[in-house]
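First the structure, in the form of structure tokens, and then the observations on it.
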Amino acid sequence: TVVHFLFVSLFLTALGPQNKTRHLVNEFILLGFHGQRKIQSLFFSLILVLYLLTLLGNGAIVCAVKWDRRLHIPMYILLGNFAFLEIWYVSSTVPNMLVNILSETKAISFSGCFLQFYFFFSLGTTECFFLSVMAYDRYLAICCPLRYPSIMTRKLCVSLICVCWVSGFLCYPVPIVLISQLPFCGPNIIDHIVCDPGPLFALSCVPAPSTELICYTFNSVIIFGPFLSILGSYTLVLRAVLRVPSGAGRMKAFSTCGSHMMVVSLFYGTLMAMYVSPSSGNPAGMQKIVTLVYSAGTPLLNPFIYSLRNKDMKEALKKVLGLTITQH
């Protein structure tokens, strides 16, 4: 909390009054899903339902892991933290999307835009790190089953969780401050649903190839670093699984990792399409849809993917949902 407060203070200082001489623009127009009012109402209803279901699904997983003692093991502790992360990840953008759809002006302040940028990208980076740690956990469970309890202790699990959260929020201050220092003198229209580096670079009064190169290189390292770690873990898992003589044993191992691999594929597929190539040339409409998929769609699907393929989680969720209904 202290770290987050310090960084927010840093951004507000960096984006504050002393920079007004460089920024004639003090707010941006975030177009979002513009069009006829009926279409905007449809998008509002759809995104609101997605958001509420995401909060319900991930909140249920967090409660299940907290209340069911059988789930107090590293695999489920990681999953519970991942679900908690997803709640904040989707909340960093979707509420603003909903307000933006209803707004007549569709304006977002200069500092508000960059604060959204910071939290959205920091939480996304934290998600990359969590997926990497979860893949490592599955590698240990399948490839080193006898040593797994002594390696993946509760202490190590908590340490890895803390590293994911802290490092995720330490990665993006420098790129965001660099972009915020660019001169923005108009126009101020962002044809997107979130404050994103691509449209912001396009609005800068002067070209900034060095800053663009730094940011896209940074994005590529953050995306590919954890991805290669995940790929390495599952390569070793696959090699170990193929050596299992029993067909039932192989199916059980694949089932254990299948849900995680589905989440990784969905999240990284959309992420790479958006941020790895600086010249991807995606049209604005496609960028909005892809962004909506990984910012709202993936967090919604995660609870279903993980719970439907896991017997213990299904039983714990039934208890949580049953208890909630009884209390009401």
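The way I read the labels, and the way they are meant: chains A, B, ... in the order of the structure tokens, residue 1 as the first residue of every chain, and ligand 1 as the first ligand shown, with later ones counted on from there.
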Run DSSP on the backbone of this structure and report the residues of range 158-259 of chain A it assigns to alpha helix (DSSP H), as number ranges by chain. A: 158-170, 173-180, 197-203, 209-242, 247-259
Range 216-223 of chain A: which residues within 12 Å, counting only C-alpha atoms, same-chain residues fewer than 3 positions away excluded, as an MDAnalysis selection string? chainID A and resid 121:122 124:129 131:132 167:168 170:176 179 197:198 201 209:213 226:230 264 267:280
Which neighbours of Phe304 in chain A fall inside 12 Å, counting only C-alpha atoms, when residues of the same chain fewer than 5 positions from it are skipped, and could you give them as a list in words?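 Skipping anything fewer than 5 positions along the chain leaves Leu53, Thr54, Leu56, Gly57, Asn58, Ala60, Ile61, Ala83, Ser259, His260, Met262, Val263, Gly297, Thr298, Pro299, Arg309, Asn310, Met313, Lys314 and Leu317 of chain A.
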Create the file for the chosen residues now, containing N, CA and C atoms and written as a short mmCIF file (atom, residue, chain, number, x, y, z; two decimals), in the first residue's frame.
data_model
loop_
_atom_site.label_atom_id
_atom_site.label_comp_id
_atom_site.auth_asym_id
_atom_site.auth_seq_id
_atom_site.Cartn_x
_atom_site.Cartn_y
_atom_site.Cartn_z
N LEU A 53 -20.60 -10.60 -13.65
CA LEU A 53 -20.30 -12.04 -13.63
C LEU A 53 -18.84 -12.29 -13.26
N THR A 54 -17.94 -11.41 -13.73
CA THR A 54 -16.52 -11.54 -13.40
C THR A 54 -16.29 -11.35 -11.91
N LEU A 56 -18.52 -11.78 -9.53
CA LEU A 56 -19.16 -12.90 -8.84
C LEU A 56 -18.29 -14.16 -8.92
N GLY A 57 -17.83 -14.50 -10.12
CA GLY A 57 -17.05 -15.73 -10.31
C GLY A 57 -15.73 -15.71 -9.57
N ASN A 58 -14.97 -14.63 -9.74
CA ASN A 58 -13.66 -14.55 -9.08
C ASN A 58 -13.81 -14.34 -7.58
N ALA A 60 -16.20 -15.59 -5.78
CA ALA A 60 -16.56 -16.91 -5.24
C ALA A 60 -15.31 -17.78 -5.05
N ILE A 61 -14.36 -17.70 -6.00
CA ILE A 61 -13.12 -18.47 -5.87
C ILE A 61 -12.31 -17.98 -4.67
N ALA A 83 -7.40 -15.01 -8.69
CA ALA A 83 -8.79 -14.54 -8.81
C ALA A 83 -8.95 -13.15 -8.21
N SER A 259 -6.46 -26.62 -17.79
CA SER A 259 -7.16 -25.37 -17.52
C SER A 259 -6.20 -24.19 -17.54
N HIS A 260 -5.02 -24.39 -16.93
CA HIS A 260 -4.03 -23.31 -16.89
C HIS A 260 -3.52 -22.98 -18.29
N MET A 262 -5.17 -23.29 -21.07
CA MET A 262 -6.23 -22.58 -21.79
C MET A 262 -6.21 -21.09 -21.44
N VAL A 263 -6.04 -20.78 -20.15
CA VAL A 263 -5.99 -19.38 -19.71
C VAL A 263 -4.78 -18.68 -20.30
N GLY A 297 -12.97 -10.16 -20.99
CA GLY A 297 -13.37 -11.52 -21.35
C GLY A 297 -12.58 -12.59 -20.61
N THR A 298 -11.25 -12.45 -20.59
CA THR A 298 -10.40 -13.45 -19.93
C THR A 298 -10.68 -13.55 -18.43
N PRO A 299 -10.77 -12.42 -17.69
CA PRO A 299 -11.10 -12.53 -16.27
C PRO A 299 -12.45 -13.20 -16.01
N ARG A 309 -12.99 -27.85 -14.24
CA ARG A 309 -12.06 -28.97 -14.43
C ARG A 309 -11.43 -29.43 -13.12
N ASN A 310 -11.97 -28.98 -11.99
CA ASN A 310 -11.35 -29.30 -10.71
C ASN A 310 -12.43 -29.70 -9.70
N MET A 313 -12.40 -27.76 -6.24
CA MET A 313 -12.87 -26.38 -6.38
C MET A 313 -14.37 -26.34 -6.60
N LYS A 314 -14.90 -27.28 -7.39
CA LYS A 314 -16.35 -27.33 -7.62
C LYS A 314 -17.11 -27.55 -6.32
N LEU A 317 -16.91 -24.38 -4.19
CA LEU A 317 -17.77 -23.32 -4.74
C LEU A 317 -19.24 -23.60 -4.44
#
CA of Glu315 in chain A to CA of Arg69 in chain A, straight-line distance in Å: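 Answer for the CA of Arg69 in chain A to CA of Glu315 in chain A separation: 12.2 Å.
The residue that comes closest to Ile77 in chain A, out of A:Gln287, A:Thr153, A:Ser103, A:Asn302 and on the basis of only C-alpha atoms, is A:Thr153.
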So that I can see what lies close to Asn96 in chain A, please list as a ChimeraX atom specification the residues with an atom at most 10 Å from it, counting only C-alpha atoms and leaving out residues fewer than 4 positions away in the same chain. /A:91-92,100-101,106,108,116,193-194
Rank nothing, just name the residue among A:Val90, A:Glu104, A:Pro74, A:Leu182 nearest to Leu156 in chain A, using only C-alpha atoms.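 Smallest distance to Leu156 in chain A is found for A:Pro74.
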Considering only C-alpha atoms, can you say which of A:Leu42, A:Leu231, A:Ile29, A:Leu24 comes closest to Asp191 in chain A?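 Under the stated criterion, the closest residue is A:Ile29.
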Counting only C-alpha atoms, figure out which residue out of A:Leu85, A:Ile47, A:Cys215, A:Ile142 gets nearest to Val177 in chain A.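 Between A:Leu85, A:Ile47, A:Cys215, A:Ile142, the residue approaching Val177 in chain A most closely is A:Cys215.
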Once DSSP has gone over the backbone, tell me which residues of range 73-302 of chain A are in strand (DSSP E), as a PyMOL selection string. chain A and resi 107-109+189-190
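Those residues that approach Thr105 in chain A to within 12 Å, counting only C-alpha atoms, are Glu27, Phe28, Ile29, Leu30, Leu31, Gly32, His34, Val99, Asn100, Ile101, Leu102, Ile108, Ser109 and Ile189 of chain A; same-chain residues fewer than 3 positions away are not listed.
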Mind giving me the straight-line distance from CA of Phe110 in chain A to CA of Gln181 in chain A in Å, one decimal?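 Going from CA of Phe110 in chain A over to CA of Gln181 in chain A covers 11.5 Å.
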Can you tell me, as number ranges by chain, what residues are no more than 12 Å from Ile73 in chain A when counting only C-alpha atoms, ignoring any on the same chain fewer than 4 positions away? A: 65-66, 68-69, 77-80, 137, 141, 148-149, 152-158, 312
The selected residues should be written to file as a compact mmCIF listing (two decimals), in the first residue's frame (atoms: N, CA, C and O atoms).
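And here is the file that came out, out-v8.txt:
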# COMPACT_ATOMS: atom_id res chain seq x y z
N VAL A 65 -11.41 -20.42 -1.48
CA VAL A 65 -10.05 -20.70 -1.04
C VAL A 65 -9.85 -20.26 0.41
O VAL A 65 -9.17 -20.92 1.19
N LYS A 66 -10.48 -19.16 0.80
CA LYS A 66 -10.33 -18.64 2.16
C LYS A 66 -11.06 -19.52 3.18
O LYS A 66 -10.54 -19.78 4.27
N ASP A 68 -12.49 -22.80 2.76
CA ASP A 68 -12.36 -24.26 2.72
C ASP A 68 -10.92 -24.66 3.06
O ASP A 68 -9.99 -24.39 2.30
N ARG A 69 -10.73 -25.32 4.19
CA ARG A 69 -9.39 -25.68 4.64
C ARG A 69 -8.69 -26.66 3.69
O ARG A 69 -7.46 -26.72 3.64
N ILE A 77 -3.93 -21.60 -3.14
CA ILE A 77 -3.58 -20.26 -2.64
C ILE A 77 -3.19 -19.36 -3.81
O ILE A 77 -3.60 -18.20 -3.87
N LEU A 78 -2.43 -19.91 -4.75
CA LEU A 78 -2.07 -19.16 -5.96
C LEU A 78 -3.31 -18.82 -6.77
O LEU A 78 -3.47 -17.70 -7.26
N LEU A 79 -4.21 -19.80 -6.91
CA LEU A 79 -5.43 -19.57 -7.67
C LEU A 79 -6.31 -18.52 -7.01
O LEU A 79 -6.90 -17.66 -7.69
N GLY A 80 -6.40 -18.55 -5.68
CA GLY A 80 -7.18 -17.55 -4.97
C GLY A 80 -6.63 -16.14 -5.16
O GLY A 80 -7.38 -15.18 -5.38
N ASP A 137 4.57 -24.04 -10.42
CA ASP A 137 3.95 -24.89 -9.40
C ASP A 137 3.48 -26.21 -10.00
O ASP A 137 3.68 -27.27 -9.42
N ALA A 141 4.75 -30.06 -9.18
CA ALA A 141 3.78 -31.07 -8.75
C ALA A 141 3.84 -32.32 -9.61
O ALA A 141 3.67 -33.44 -9.11
N TYR A 148 7.85 -32.18 -3.99
CA TYR A 148 6.98 -31.00 -4.10
C TYR A 148 6.62 -30.37 -2.75
O TYR A 148 6.76 -29.16 -2.57
N PRO A 149 6.19 -31.18 -1.74
CA PRO A 149 5.82 -30.56 -0.45
C PRO A 149 6.98 -29.85 0.23
O PRO A 149 6.79 -28.84 0.92
N MET A 152 7.79 -26.54 -2.53
CA MET A 152 6.72 -25.52 -2.56
C MET A 152 6.05 -25.44 -1.19
O MET A 152 4.92 -25.86 -0.99
N THR A 153 6.80 -24.91 -0.24
CA THR A 153 6.27 -24.72 1.10
C THR A 153 5.34 -23.50 1.12
O THR A 153 5.32 -22.70 0.19
N ARG A 154 4.61 -23.36 2.21
CA ARG A 154 3.73 -22.20 2.35
C ARG A 154 4.53 -20.89 2.33
O ARG A 154 4.11 -19.89 1.75
N LYS A 155 5.72 -20.93 2.95
CA LYS A 155 6.58 -19.75 2.99
C LYS A 155 7.02 -19.33 1.60
O LYS A 155 6.98 -18.15 1.24
N LEU A 156 7.46 -20.31 0.78
CA LEU A 156 7.88 -20.01 -0.59
C LEU A 156 6.71 -19.51 -1.41
O LEU A 156 6.84 -18.56 -2.19
N CYS A 157 5.55 -20.14 -1.22
CA CYS A 157 4.35 -19.74 -1.95
C CYS A 157 4.00 -18.27 -1.67
O CYS A 157 3.76 -17.48 -2.59
N VAL A 158 4.00 -17.90 -0.39
CA VAL A 158 3.69 -16.51 -0.01
C VAL A 158 4.75 -15.56 -0.55
O VAL A 158 4.44 -14.46 -1.02
N ASP A 312 -12.27 -30.56 -6.42
CA ASP A 312 -12.21 -29.91 -5.11
C ASP A 312 -12.76 -28.49 -5.18
O ASP A 312 -13.49 -28.05 -4.28
